[in-house]
Amino acid sequence: MTLAAILFCIGLYGALSKKNALIVLLSIELMLNAVNLNLIAFSKFGIQPNLTGQVFSLFSISVAAAEVAVGIAILITYYRNRGTTDVNEMNSLKR
């Protein structure tokens, strides 16, 4: 659980401090992997060990894969239109 907490903190730092959208997506993936690690640890070492945490972890992995596919597609389209992946310049929905 300590490893998962460290991974989550690293991912949170990357998501909040980096300007490149690709690094932000990778940081979010790191945070989701930390959550998956905690789910598996709770499923293995909980009060009543069962497969519930592992099943939730599989669902989380599939949702994360879909999130990355959609995020990368949006990022590629944005880069083709604007020429940058800087998070601070992504304000086209504010208009």
# chains A, B, ... in the order shown; residues from 1 in each chain; ligands from 1
$ residues_around --residues "stretch 75-88 of chain A" --least-positions-apart "2" --cutoff "9 Å" --atoms "only C-alpha atoms" --output "ChimeraX atom specification"
/A:18-22,24,70-73,90-91
$ write_last_selection --atoms "N, CA and C atoms" --output "PDB file, in the first residue's frame"
ATOM      1  N   LYS A  18       2.800  19.544 -14.724  1.00  0.00           N
ATOM      2  CA  LYS A  18       3.352  19.521 -16.077  1.00  0.00           C
ATOM      3  C   LYS A  18       2.459  20.270 -17.054  1.00  0.00           C
ATOM      4  N   LYS A  19       3.066  20.789 -18.106  1.00  0.00           N
ATOM      5  CA  LYS A  19       2.330  21.553 -19.105  1.00  0.00           C
ATOM      6  C   LYS A  19       2.004  20.740 -20.353  1.00  0.00           C
ATOM      7  N   ASN A  20       2.704  19.651 -20.582  1.00  0.00           N
ATOM      8  CA  ASN A  20       2.476  18.831 -21.762  1.00  0.00           C
ATOM      9  C   ASN A  20       1.289  17.904 -21.508  1.00  0.00           C
ATOM     10  N   ALA A  21       0.336  17.885 -22.422  1.00  0.00           N
ATOM     11  CA  ALA A  21      -0.880  17.094 -22.237  1.00  0.00           C
ATOM     12  C   ALA A  21      -0.594  15.597 -22.244  1.00  0.00           C
ATOM     13  N   LEU A  22       0.410  15.168 -22.970  1.00  0.00           N
ATOM     14  CA  LEU A  22       0.755  13.749 -22.998  1.00  0.00           C
ATOM     15  C   LEU A  22       1.297  13.301 -21.639  1.00  0.00           C
ATOM     16  N   VAL A  24       0.510  14.662 -18.820  1.00  0.00           N
ATOM     17  CA  VAL A  24      -0.648  14.674 -17.924  1.00  0.00           C
ATOM     18  C   VAL A  24      -1.438  13.368 -18.069  1.00  0.00           C
ATOM     19  N   VAL A  70      -9.217   7.466 -26.254  1.00  0.00           N
ATOM     20  CA  VAL A  70      -9.966   8.685 -26.556  1.00  0.00           C
ATOM     21  C   VAL A  70      -9.101   9.919 -26.301  1.00  0.00           C
ATOM     22  N   GLY A  71      -8.340   9.915 -25.220  1.00  0.00           N
ATOM     23  CA  GLY A  71      -7.482  11.062 -24.906  1.00  0.00           C
ATOM     24  C   GLY A  71      -6.413  11.299 -25.952  1.00  0.00           C
ATOM     25  N   ILE A  72      -5.775  10.235 -26.408  1.00  0.00           N
ATOM     26  CA  ILE A  72      -4.742  10.384 -27.441  1.00  0.00           C
ATOM     27  C   ILE A  72      -5.358  10.853 -28.758  1.00  0.00           C
ATOM     28  N   ALA A  73      -6.557  10.351 -29.096  1.00  0.00           N
ATOM     29  CA  ALA A  73      -7.214  10.798 -30.323  1.00  0.00           C
ATOM     30  C   ALA A  73      -7.549  12.283 -30.260  1.00  0.00           C
ATOM     31  N   MET A  90      -4.876  25.375 -24.033  1.00  0.00           N
ATOM     32  CA  MET A  90      -6.087  24.662 -24.435  1.00  0.00           C
ATOM     33  C   MET A  90      -7.306  25.340 -23.810  1.00  0.00           C
ATOM     34  N   ASN A  91      -7.769  26.384 -24.459  1.00  0.00           N
ATOM     35  CA  ASN A  91      -8.909  27.127 -23.946  1.00  0.00           C
ATOM     36  C   ASN A  91      -9.976  27.325 -25.002  1.00  0.00           C
TER      37      ASN A  91
END
$ residues_around --residues "A:Phe56" --least-positions-apart "3" --cutoff "9 Å" --atoms "only C-alpha atoms" --output "list in words"
Asn36, Leu39, Ile40, Leu51, Thr52, Gly53, Phe59, Ser60 and Ile61 of chain A
$ write_last_selection --atoms "N, CA, C and O atoms" --output "PDB file, in the first residue's frame"
ATOM      1  N   ASN A  36      -5.350   0.540  -8.828  1.00  0.00           N
ATOM      2  CA  ASN A  36      -5.461  -0.896  -9.117  1.00  0.00           C
ATOM      3  C   ASN A  36      -4.607  -1.718  -8.160  1.00  0.00           C
ATOM      4  O   ASN A  36      -5.020  -2.786  -7.708  1.00  0.00           O
ATOM      5  N   LEU A  39      -6.483  -1.920  -4.952  1.00  0.00           N
ATOM      6  CA  LEU A  39      -7.620  -2.836  -5.052  1.00  0.00           C
ATOM      7  C   LEU A  39      -7.172  -4.285  -4.931  1.00  0.00           C
ATOM      8  O   LEU A  39      -7.807  -5.090  -4.236  1.00  0.00           O
ATOM      9  N   ILE A  40      -6.074  -4.617  -5.580  1.00  0.00           N
ATOM     10  CA  ILE A  40      -5.576  -5.993  -5.505  1.00  0.00           C
ATOM     11  C   ILE A  40      -5.051  -6.293  -4.113  1.00  0.00           C
ATOM     12  O   ILE A  40      -5.258  -7.388  -3.588  1.00  0.00           O
ATOM     13  N   LEU A  51     -12.287 -12.282  -4.595  1.00  0.00           N
ATOM     14  CA  LEU A  51     -11.866 -11.795  -5.913  1.00  0.00           C
ATOM     15  C   LEU A  51     -12.502 -10.464  -6.303  1.00  0.00           C
ATOM     16  O   LEU A  51     -12.306 -10.007  -7.416  1.00  0.00           O
ATOM     17  N   THR A  52     -13.228  -9.839  -5.422  1.00  0.00           N
ATOM     18  CA  THR A  52     -13.943  -8.617  -5.768  1.00  0.00           C
ATOM     19  C   THR A  52     -12.983  -7.498  -6.191  1.00  0.00           C
ATOM     20  O   THR A  52     -13.212  -6.827  -7.194  1.00  0.00           O
ATOM     21  N   GLY A  53     -11.912  -7.313  -5.451  1.00  0.00           N
ATOM     22  CA  GLY A  53     -10.955  -6.268  -5.798  1.00  0.00           C
ATOM     23  C   GLY A  53     -10.268  -6.526  -7.124  1.00  0.00           C
ATOM     24  O   GLY A  53      -9.998  -5.595  -7.884  1.00  0.00           O
ATOM     25  N   PHE A  59     -11.935  -4.139 -14.440  1.00  0.00           N
ATOM     26  CA  PHE A  59     -12.810  -3.106 -15.002  1.00  0.00           C
ATOM     27  C   PHE A  59     -12.085  -1.766 -15.085  1.00  0.00           C
ATOM     28  O   PHE A  59     -12.230  -1.035 -16.068  1.00  0.00           O
ATOM     29  N   SER A  60     -11.321  -1.442 -14.080  1.00  0.00           N
ATOM     30  CA  SER A  60     -10.579  -0.189 -14.071  1.00  0.00           C
ATOM     31  C   SER A  60      -9.529  -0.161 -15.174  1.00  0.00           C
ATOM     32  O   SER A  60      -9.311   0.885 -15.807  1.00  0.00           O
ATOM     33  N   ILE A  61      -8.879  -1.285 -15.417  1.00  0.00           N
ATOM     34  CA  ILE A  61      -7.887  -1.357 -16.492  1.00  0.00           C
ATOM     35  C   ILE A  61      -8.546  -1.158 -17.852  1.00  0.00           C
ATOM     36  O   ILE A  61      -8.020  -0.449 -18.718  1.00  0.00           O
TER      37      ILE A  61
END
$ select_by_dssp --residues "chain A" --states "helix (DSSP H, G or I)" --output "ChimeraX atom specification"
/A:2-17,21-45,52-82,87-89,92-94
$ closest_residue --among "A:Ile74, A:Leu37, A:Leu30, A:Met1" --to "A:Tyr13" --atoms "only C-alpha atoms"
A:Leu30
$ atom_distance --atom1 "atom CA of A:Asn38" --atom2 "atom CA of A:Cys9"
13.5 Å
$ residues_around --residues "A:Gly14" --least-positions-apart "2" --cutoff "9 Å" --atoms "only C-alpha atoms" --output "PyMOL selection string"
chain A and resi 9-12+16-18+23-24+26-28
$ atom_distance --atom1 "atom CA of A:Phe42" --atom2 "atom CA of A:Leu7"
16.5 Å
$ atom_distance --atom1 "atom CA of A:Glu67" --atom2 "atom CA of A:Gly46"
29.0 Å
$ decode --residues "stretch 81-93 of chain A" --atoms "all heavy atoms" --output "PDB file, in the first residue's frame"
ATOM      1  N   ASN A  81      -4.663  20.728 -35.329  1.00  0.00           N
ATOM      2  CA  ASN A  81      -5.351  22.004 -35.544  1.00  0.00           C
ATOM      3  C   ASN A  81      -4.589  23.196 -34.971  1.00  0.00           C
ATOM      4  O   ASN A  81      -4.566  24.263 -35.574  1.00  0.00           O
ATOM      5  CB  ASN A  81      -6.755  21.965 -34.930  1.00  0.00           C
ATOM      6  CG  ASN A  81      -7.677  21.048 -35.690  1.00  0.00           C
ATOM      7  OD1 ASN A  81      -7.480  20.802 -36.870  1.00  0.00           O
ATOM      8  ND2 ASN A  81      -8.679  20.524 -35.016  1.00  0.00           N
ATOM      9  N   ARG A  82      -3.995  23.055 -33.800  1.00  0.00           N
ATOM     10  CA  ARG A  82      -3.377  24.182 -33.108  1.00  0.00           C
ATOM     11  C   ARG A  82      -1.860  24.166 -33.146  1.00  0.00           C
ATOM     12  O   ARG A  82      -1.231  25.196 -32.963  1.00  0.00           O
ATOM     13  CB  ARG A  82      -3.806  24.207 -31.641  1.00  0.00           C
ATOM     14  CG  ARG A  82      -5.280  24.236 -31.423  1.00  0.00           C
ATOM     15  CD  ARG A  82      -5.827  25.597 -31.719  1.00  0.00           C
ATOM     16  NE  ARG A  82      -7.277  25.550 -31.533  1.00  0.00           N
ATOM     17  CZ  ARG A  82      -8.024  26.598 -31.479  1.00  0.00           C
ATOM     18  NH1 ARG A  82      -7.488  27.783 -31.574  1.00  0.00           N
ATOM     19  NH2 ARG A  82      -9.320  26.479 -31.330  1.00  0.00           N
ATOM     20  N   GLY A  83      -1.242  22.984 -33.288  1.00  0.00           N
ATOM     21  CA  GLY A  83       0.214  22.904 -33.349  1.00  0.00           C
ATOM     22  C   GLY A  83       0.904  22.881 -31.999  1.00  0.00           C
ATOM     23  O   GLY A  83       2.109  23.064 -31.930  1.00  0.00           O
ATOM     24  N   THR A  84       0.166  22.661 -30.925  1.00  0.00           N
ATOM     25  CA  THR A  84       0.767  22.627 -29.594  1.00  0.00           C
ATOM     26  C   THR A  84       0.024  21.626 -28.717  1.00  0.00           C
ATOM     27  O   THR A  84      -1.135  21.325 -28.968  1.00  0.00           O
ATOM     28  CB  THR A  84       0.752  24.013 -28.928  1.00  0.00           C
ATOM     29  OG1 THR A  84       1.420  23.922 -27.682  1.00  0.00           O
ATOM     30  CG2 THR A  84      -0.642  24.525 -28.723  1.00  0.00           C
ATOM     31  N   THR A  85       0.738  21.125 -27.712  1.00  0.00           N
ATOM     32  CA  THR A  85       0.108  20.257 -26.722  1.00  0.00           C
ATOM     33  C   THR A  85       0.202  20.867 -25.329  1.00  0.00           C
ATOM     34  O   THR A  85       0.067  20.170 -24.328  1.00  0.00           O
ATOM     35  CB  THR A  85       0.768  18.864 -26.707  1.00  0.00           C
ATOM     36  OG1 THR A  85       2.141  18.999 -26.393  1.00  0.00           O
ATOM     37  CG2 THR A  85       0.580  18.147 -28.010  1.00  0.00           C
ATOM     38  N   ASP A  86       0.412  22.169 -25.265  1.00  0.00           N
ATOM     39  CA  ASP A  86       0.526  22.866 -23.991  1.00  0.00           C
ATOM     40  C   ASP A  86      -0.853  22.972 -23.345  1.00  0.00           C
ATOM     41  O   ASP A  86      -1.811  23.433 -23.962  1.00  0.00           O
ATOM     42  CB  ASP A  86       1.112  24.251 -24.208  1.00  0.00           C
ATOM     43  CG  ASP A  86       1.502  24.926 -22.922  1.00  0.00           C
ATOM     44  OD1 ASP A  86       1.471  24.259 -21.852  1.00  0.00           O
ATOM     45  OD2 ASP A  86       1.848  26.111 -22.950  1.00  0.00           O
ATOM     46  N   VAL A  87      -0.944  22.547 -22.104  1.00  0.00           N
ATOM     47  CA  VAL A  87      -2.221  22.535 -21.399  1.00  0.00           C
ATOM     48  C   VAL A  87      -2.715  23.957 -21.153  1.00  0.00           C
ATOM     49  O   VAL A  87      -3.923  24.208 -21.179  1.00  0.00           O
ATOM     50  CB  VAL A  87      -2.074  21.752 -20.067  1.00  0.00           C
ATOM     51  CG1 VAL A  87      -3.356  21.790 -19.269  1.00  0.00           C
ATOM     52  CG2 VAL A  87      -1.688  20.322 -20.341  1.00  0.00           C
ATOM     53  N   ASN A  88      -1.824  24.875 -20.932  1.00  0.00           N
ATOM     54  CA  ASN A  88      -2.221  26.256 -20.652  1.00  0.00           C
ATOM     55  C   ASN A  88      -2.861  26.939 -21.849  1.00  0.00           C
ATOM     56  O   ASN A  88      -3.608  27.899 -21.687  1.00  0.00           O
ATOM     57  CB  ASN A  88      -1.019  27.074 -20.183  1.00  0.00           C
ATOM     58  CG  ASN A  88      -0.507  26.609 -18.846  1.00  0.00           C
ATOM     59  OD1 ASN A  88      -1.269  26.076 -18.038  1.00  0.00           O
ATOM     60  ND2 ASN A  88       0.778  26.777 -18.621  1.00  0.00           N
ATOM     61  N   GLU A  89      -2.583  26.475 -23.055  1.00  0.00           N
ATOM     62  CA  GLU A  89      -3.143  27.078 -24.264  1.00  0.00           C
ATOM     63  C   GLU A  89      -4.435  26.399 -24.734  1.00  0.00           C
ATOM     64  O   GLU A  89      -4.998  26.787 -25.731  1.00  0.00           O
ATOM     65  CB  GLU A  89      -2.107  27.074 -25.381  1.00  0.00           C
ATOM     66  CG  GLU A  89      -0.901  27.934 -25.062  1.00  0.00           C
ATOM     67  CD  GLU A  89       0.121  27.911 -26.163  1.00  0.00           C
ATOM     68  OE1 GLU A  89      -0.185  27.401 -27.254  1.00  0.00           O
ATOM     69  OE2 GLU A  89       1.227  28.411 -25.939  1.00  0.00           O
ATOM     70  N   MET A  90      -4.876  25.375 -24.033  1.00  0.00           N
ATOM     71  CA  MET A  90      -6.087  24.662 -24.435  1.00  0.00           C
ATOM     72  C   MET A  90      -7.306  25.340 -23.810  1.00  0.00           C
ATOM     73  O   MET A  90      -7.819  24.922 -22.787  1.00  0.00           O
ATOM     74  CB  MET A  90      -6.019  23.199 -23.988  1.00  0.00           C
ATOM     75  CG  MET A  90      -4.977  22.399 -24.702  1.00  0.00           C
ATOM     76  SD  MET A  90      -5.031  20.700 -24.213  1.00  0.00           S
ATOM     77  CE  MET A  90      -3.684  20.058 -25.168  1.00  0.00           C
ATOM     78  N   ASN A  91      -7.769  26.384 -24.459  1.00  0.00           N
ATOM     79  CA  ASN A  91      -8.909  27.127 -23.946  1.00  0.00           C
ATOM     80  C   ASN A  91      -9.976  27.325 -25.002  1.00  0.00           C
ATOM     81  O   ASN A  91     -10.761  28.254 -24.923  1.00  0.00           O
ATOM     82  CB  ASN A  91      -8.455  28.474 -23.390  1.00  0.00           C
ATOM     83  CG  ASN A  91      -7.795  29.336 -24.443  1.00  0.00           C
ATOM     84  OD1 ASN A  91      -7.659  28.928 -25.576  1.00  0.00           O
ATOM     85  ND2 ASN A  91      -7.369  30.515 -24.041  1.00  0.00           N
ATOM     86  N   SER A  92     -10.041  26.451 -26.000  1.00  0.00           N
ATOM     87  CA  SER A  92     -10.993  26.636 -27.091  1.00  0.00           C
ATOM     88  C   SER A  92     -12.438  26.407 -26.658  1.00  0.00           C
ATOM     89  O   SER A  92     -13.359  26.873 -27.297  1.00  0.00           O
ATOM     90  CB  SER A  92     -10.648  25.707 -28.254  1.00  0.00           C
ATOM     91  OG  SER A  92     -10.721  24.359 -27.832  1.00  0.00           O
ATOM     92  N   LEU A  93     -12.679  25.705 -25.550  1.00  0.00           N
ATOM     93  CA  LEU A  93     -14.046  25.496 -25.074  1.00  0.00           C
ATOM     94  C   LEU A  93     -14.533  26.652 -24.220  1.00  0.00           C
ATOM     95  O   LEU A  93     -15.717  26.707 -23.877  1.00  0.00           O
ATOM     96  CB  LEU A  93     -14.131  24.194 -24.263  1.00  0.00           C
ATOM     97  CG  LEU A  93     -13.941  22.915 -25.050  1.00  0.00           C
ATOM     98  CD1 LEU A  93     -14.004  21.726 -24.115  1.00  0.00           C
ATOM     99  CD2 LEU A  93     -15.013  22.785 -26.111  1.00  0.00           C
TER     100      LEU A  93
END
